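*Asks:* My questions all concern the structure below.
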Amino acid sequence: MRTLFVNTRYLIVPLMSILTILGLVTGGIYVWAGVALFVLSAIIDTATKNIHLRADFDKDGNSYGIKMFQYGVMYLMLIVFITLQIAVAWRIYQYVNATPSEMLSVFGLTVQSGITGANLIGAIVSAGLWAGLGIIYGHELSHNKKEGFFVSRLIMSLSGASHFTYAHVYQHHLHLGHEKDPATAPRGRNVYMHTWLSHAGQSKFSFDLEKSRLEKKGKSFFSLDNKWILGYLYSLPSIVLFVWAGGIVGVAALLSLWLIANFELEALNFMGHYGLIREDGKPVEHRHSWDNDSVFTDWFFIAIGRQADHHVRGETYFWELDDVKGPNYGIGYFSLFLITLVPPLFKKYVRKHLDNWDEKYANQKEREIASQYGY
Amino acid sequence: MSPSLLKLKLKTGDNLLASALGQGIKWPHLCRVGSCGTCRCKLIKGKISPEIDFENILDQEQLKDGYILACKSSVRTDLMVEVNLQNVKPE
């Protein structure tokens with residue numbers, strides 16, 4: 001029973017993503033289902049922010065997590081995210097071609113064909129919000145399995161961010177808490193600025209990594225062996241799909257979807273390490289990440305909020321990550337995300353947490369570096 | 001484990017570095033995701049499954065000589081590896 005519970009509790013995003021797709025297919029007001037589910041998740045997360053649970057192990061210290069099941073779900077999410085894009089592209093096609101509004105029955109499901117401009121916005125925002133959650137699978141799959149790394153690249157390419165997989169493993173984990181890591185937001189930066197700087201910085205890293213690797217092998221940069229180029233080519237089917245579906249409207253829709261998805265990705269990076277400092281080359285310790293492990297956040301984001309443990313034991317599967325008493329905001333990701341959206345509010349909110357970090361977690365050198373920054 | 005012939009209990013699917021650390025061996029390491037190369041060791045005998053492409057960290061010569069990254073090696077058979085346990089400082 002415990003095994004069943006531990007393994008199924010991480011299915012919130014898969015189930016809600018499928019409901020979002022059903023909403024897009026059903027049409028009418030239901031295309032807003034993704035937005036409604038996101039808001040519902042934010043409410044549940046905020047209401048349960050004070051509940052924190054530990055990872056589950058049996059009396060012998062073995063995890064209840066079933067690796068084959070969890071990886072199976074993560075691989076299947078690639079198909080779910082592709083279906084999500086097809087569903088929204090189909091709605092764009094209907095909008096551009098002014099498909100008349102009528103009720104149809106498809107496989108027993110009543111579907112409203114045609115879509116209004118307002119509902120098209122709802123469809124794009126719904127799809128963007130849930131496509132952005134591909135990061136939680138793209139992240140987990142970037143570690144621990146060679147074929148998982150490839151699936152991670154494909155999932156991230158659906159959001160035009162396939163560079164993430166390389167940059168996350170080879171840059172973020174190595175340079176965490178240092179200015180060499182674009183995914184670590186220094187004190188004073190807001191989430192909007194961070195989104196652009198982190199995205200561009202990670203892409204540049206992936207570019208440089210491939211340039212150097214190919215040079216060593218005596219190969220041209222412009223080659224299909226170039227994983228930076230290849231990663232962006234993986235996004236080509238999405239571009240073709242949206243251009244076919246709606247021309248300029250399709251391109252605008254895809255850019256909006258990617259913008260939302262990448263904003264979510266970078267907001268998670270922002271929340272995970274904002275303002276924390278590590279001397280270059282010193283070991284990564286629990287204090288170099290913000291934990292965010294309230295119950296709903298933990299299950300919804302497949303424990304990506306257990307950053308402190310993850311960055312010290314990078315080989316550990318998400319269902320085995322635990323509370324290691326690292327710095328913790330004490331609230332869920334949804335609540336924190338809403339605060340980050342208003343930079344002056346976030347600045348005020350984070351001040352006491354940074355003061356606490358400087359006083360209780362930082363070493364002398366880290367405090368000296370911190371003193372050069374504001375909040 | 002060569003050259004000092006320390007022994008580790010391992011089973012198929014175990015992560016080499018995590019097992020060594022769990023059994024009290026001070027194996028040099030830093031990132032534990034295969035990005036720094038600190039945990040590299042030479043595989044003398046046996047088989048592992050790489051959990052990540054070693055090519056981005058180890059050069060062709062090291063790969064040819066049998067070097068692996070312990071943090072991203074899943075154990076397949078009994079192993080004999082050579083690791084410099086003095087190499088505890090990050091590079």
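Here's how to read the names in the structure tokens: chain A, B, ... by the order shown, residue numbers from 1 in each chain, ligand numbers from 1 in the order shown.
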Which of chain B counts as strand (DSSP E) under DSSP, as a VMD selection string please?

*Replies:* chain B and resid 40 to 45 48 to 50 67 to 69 73 to 75 80 to 82

*Asks:* With a distance cut-off of 8 Å and only C-alpha atoms, select the neighbouring residues of Gly28 of chain A, excluding the residue or stretch itself and same-chain residues fewer than 3 positions from it, and output the selection as a CSV table (one decimal) with N, CA and C atoms, in the first residue's frame.

*Replies:*
```csv
chain,number,residue,atom,x,y,z
A,31,VAL,N,-11.0,25.3,-22.9
A,31,VAL,CA,-9.6,25.5,-23.2
A,31,VAL,C,-8.9,26.2,-22.1
A,112,GLN,N,-16.4,21.1,-29.1
A,112,GLN,CA,-16.9,22.3,-29.8
A,112,GLN,C,-15.8,22.7,-30.8
A,115,ILE,N,-13.0,28.3,-32.6
A,115,ILE,CA,-12.5,29.0,-31.4
A,115,ILE,C,-12.5,30.5,-31.5
A,119,ASN,N,-10.7,32.8,-26.4
A,119,ASN,CA,-10.5,31.4,-26.0
A,119,ASN,C,-9.1,30.9,-26.6
```

*Asks:* For atom CA of Ser157 of chain A and atom CA of Met271 of chain A, determine how far apart the two atoms are, in Å to one decimal place.

*Replies:*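 It comes out at 22.6 Å.
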
*Asks:* I'd like to know which of A:Phe270, A:Trp196, A:Phe334, A:Trp228 is closest to Lys211 of chain A, using only C-alpha atoms.

*Replies:*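 Answer, going by the shortest atom-to-atom distance: A:Trp228.
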
*Asks:* Using only C-alpha atoms, find the residues of chain B whose closest atom to chain A is at most 9 Å away, then write them as a PyMOL selection string.

*Replies:* chain B and resi 15+18+29-36+50-53+55-57+59+71-72+90-91

*Asks:* Restricted to C-alpha atoms, what would the selected residues look like written as a PDB file, in the first residue's frame?

*Replies:*
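Listing of result-v9.pdb after writing:
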```pdb
ATOM      1  CA  ASN B  15      26.340   3.662  -8.058  1.00  0.00           C
ATOM      2  CA  ALA B  18      27.783   6.514  -3.639  1.00  0.00           C
ATOM      3  CA  HIS B  29      34.541  13.880  -5.456  1.00  0.00           C
ATOM      4  CA  LEU B  30      32.961  17.274  -5.938  1.00  0.00           C
ATOM      5  CA  CYS B  31      29.888  17.591  -8.163  1.00  0.00           C
ATOM      6  CA  ARG B  32      28.478  14.006  -8.193  1.00  0.00           C
ATOM      7  CA  VAL B  33      26.795  14.603 -11.561  1.00  0.00           C
ATOM      8  CA  GLY B  34      29.691  13.877 -13.907  1.00  0.00           C
ATOM      9  CA  SER B  35      30.709  17.461 -14.596  1.00  0.00           C
ATOM     10  CA  CYS B  36      33.972  18.012 -12.697  1.00  0.00           C
ATOM     11  CA  PRO B  50      27.922   4.844 -17.819  1.00  0.00           C
ATOM     12  CA  GLU B  51      24.944   6.944 -16.719  1.00  0.00           C
ATOM     13  CA  ILE B  52      26.167   9.926 -18.697  1.00  0.00           C
ATOM     14  CA  ASP B  53      28.483  10.514 -21.656  1.00  0.00           C
ATOM     15  CA  GLU B  55      33.324  12.197 -23.389  1.00  0.00           C
ATOM     16  CA  ASN B  56      32.518  15.699 -22.208  1.00  0.00           C
ATOM     17  CA  ILE B  57      34.879  15.417 -19.236  1.00  0.00           C
ATOM     18  CA  ASP B  59      39.687  13.101 -23.087  1.00  0.00           C
ATOM     19  CA  CYS B  71      29.731   9.210  -9.754  1.00  0.00           C
ATOM     20  CA  LYS B  72      28.048   8.236 -13.025  1.00  0.00           C
ATOM     21  CA  PRO B  90      38.900  19.792  -6.009  1.00  0.00           C
ATOM     22  CA  GLU B  91      40.710  20.493  -9.249  1.00  0.00           C
TER      23      GLU B  91
END
```

*Asks:* Contacts of Asn62 of chain A at 12 Å or less, counting only C-alpha atoms, minus same-chain residues fewer than 4 places along, as a PyMOL selection string?

*Replies:* chain A and resi 3+55-58+66+319-320

*Asks:* Could you go through chain B and tell me which residues DSSP, when run on the backbone, assigns to alpha helix (DSSP H), listing them as a list in words?

*Replies:*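 Residues of chain B classed as alpha helix (DSSP H): Leu16, Leu17, Ala18, Ser19, Ala20, Leu21, Gly22, Gln60, Glu61, Gln62, Leu63 and Lys64 of chain B.
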
*Asks:* For atom CA of Ala131 of chain A and atom CA of Ala261 of chain A, determine how far apart the two atoms are, in Å to one decimal place.

*Replies:* 5.9 Å

*Asks:* Report the distance between atom CA of Gly305 of chain A and atom CA of Gly201 of chain A in Å, rounded to one decimal place.

*Replies:*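 Atom-to-atom, atom CA of Gly305 of chain A and atom CA of Gly201 of chain A are spaced 22.4 Å apart.
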
*Asks:* Using only C-alpha atoms, which protein or nucleic acid residues come within 10 Å of Asn363 of chain A? Drop anything in the same chain fewer than 4 positions from it, and give the result as a ChimeraX atom specification.

*Replies:* /A:277-279,287,357-359,367-368

*Asks:* Select, from B:Lys11, B:Leu79, B:Leu69, B:Leu21, the residue with the minimum atom-to-atom distance to Ile44 of chain B, counting only C-alpha atoms.

*Replies:*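 Checking each of B:Lys11, B:Leu79, B:Leu69, B:Leu21 against Ile44 of chain B, counting only C-alpha atoms, the winner is B:Leu79.
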
*Asks:* I'd like the neighbourhood of Ala33 of chain A as a ChimeraX atom specification, where a residue qualifies if any of its atoms comes within 9 Å (using only C-alpha atoms), though same-chain residues fewer than 6 positions away should be ignored.

*Replies:* /A:19-24,122-123,126
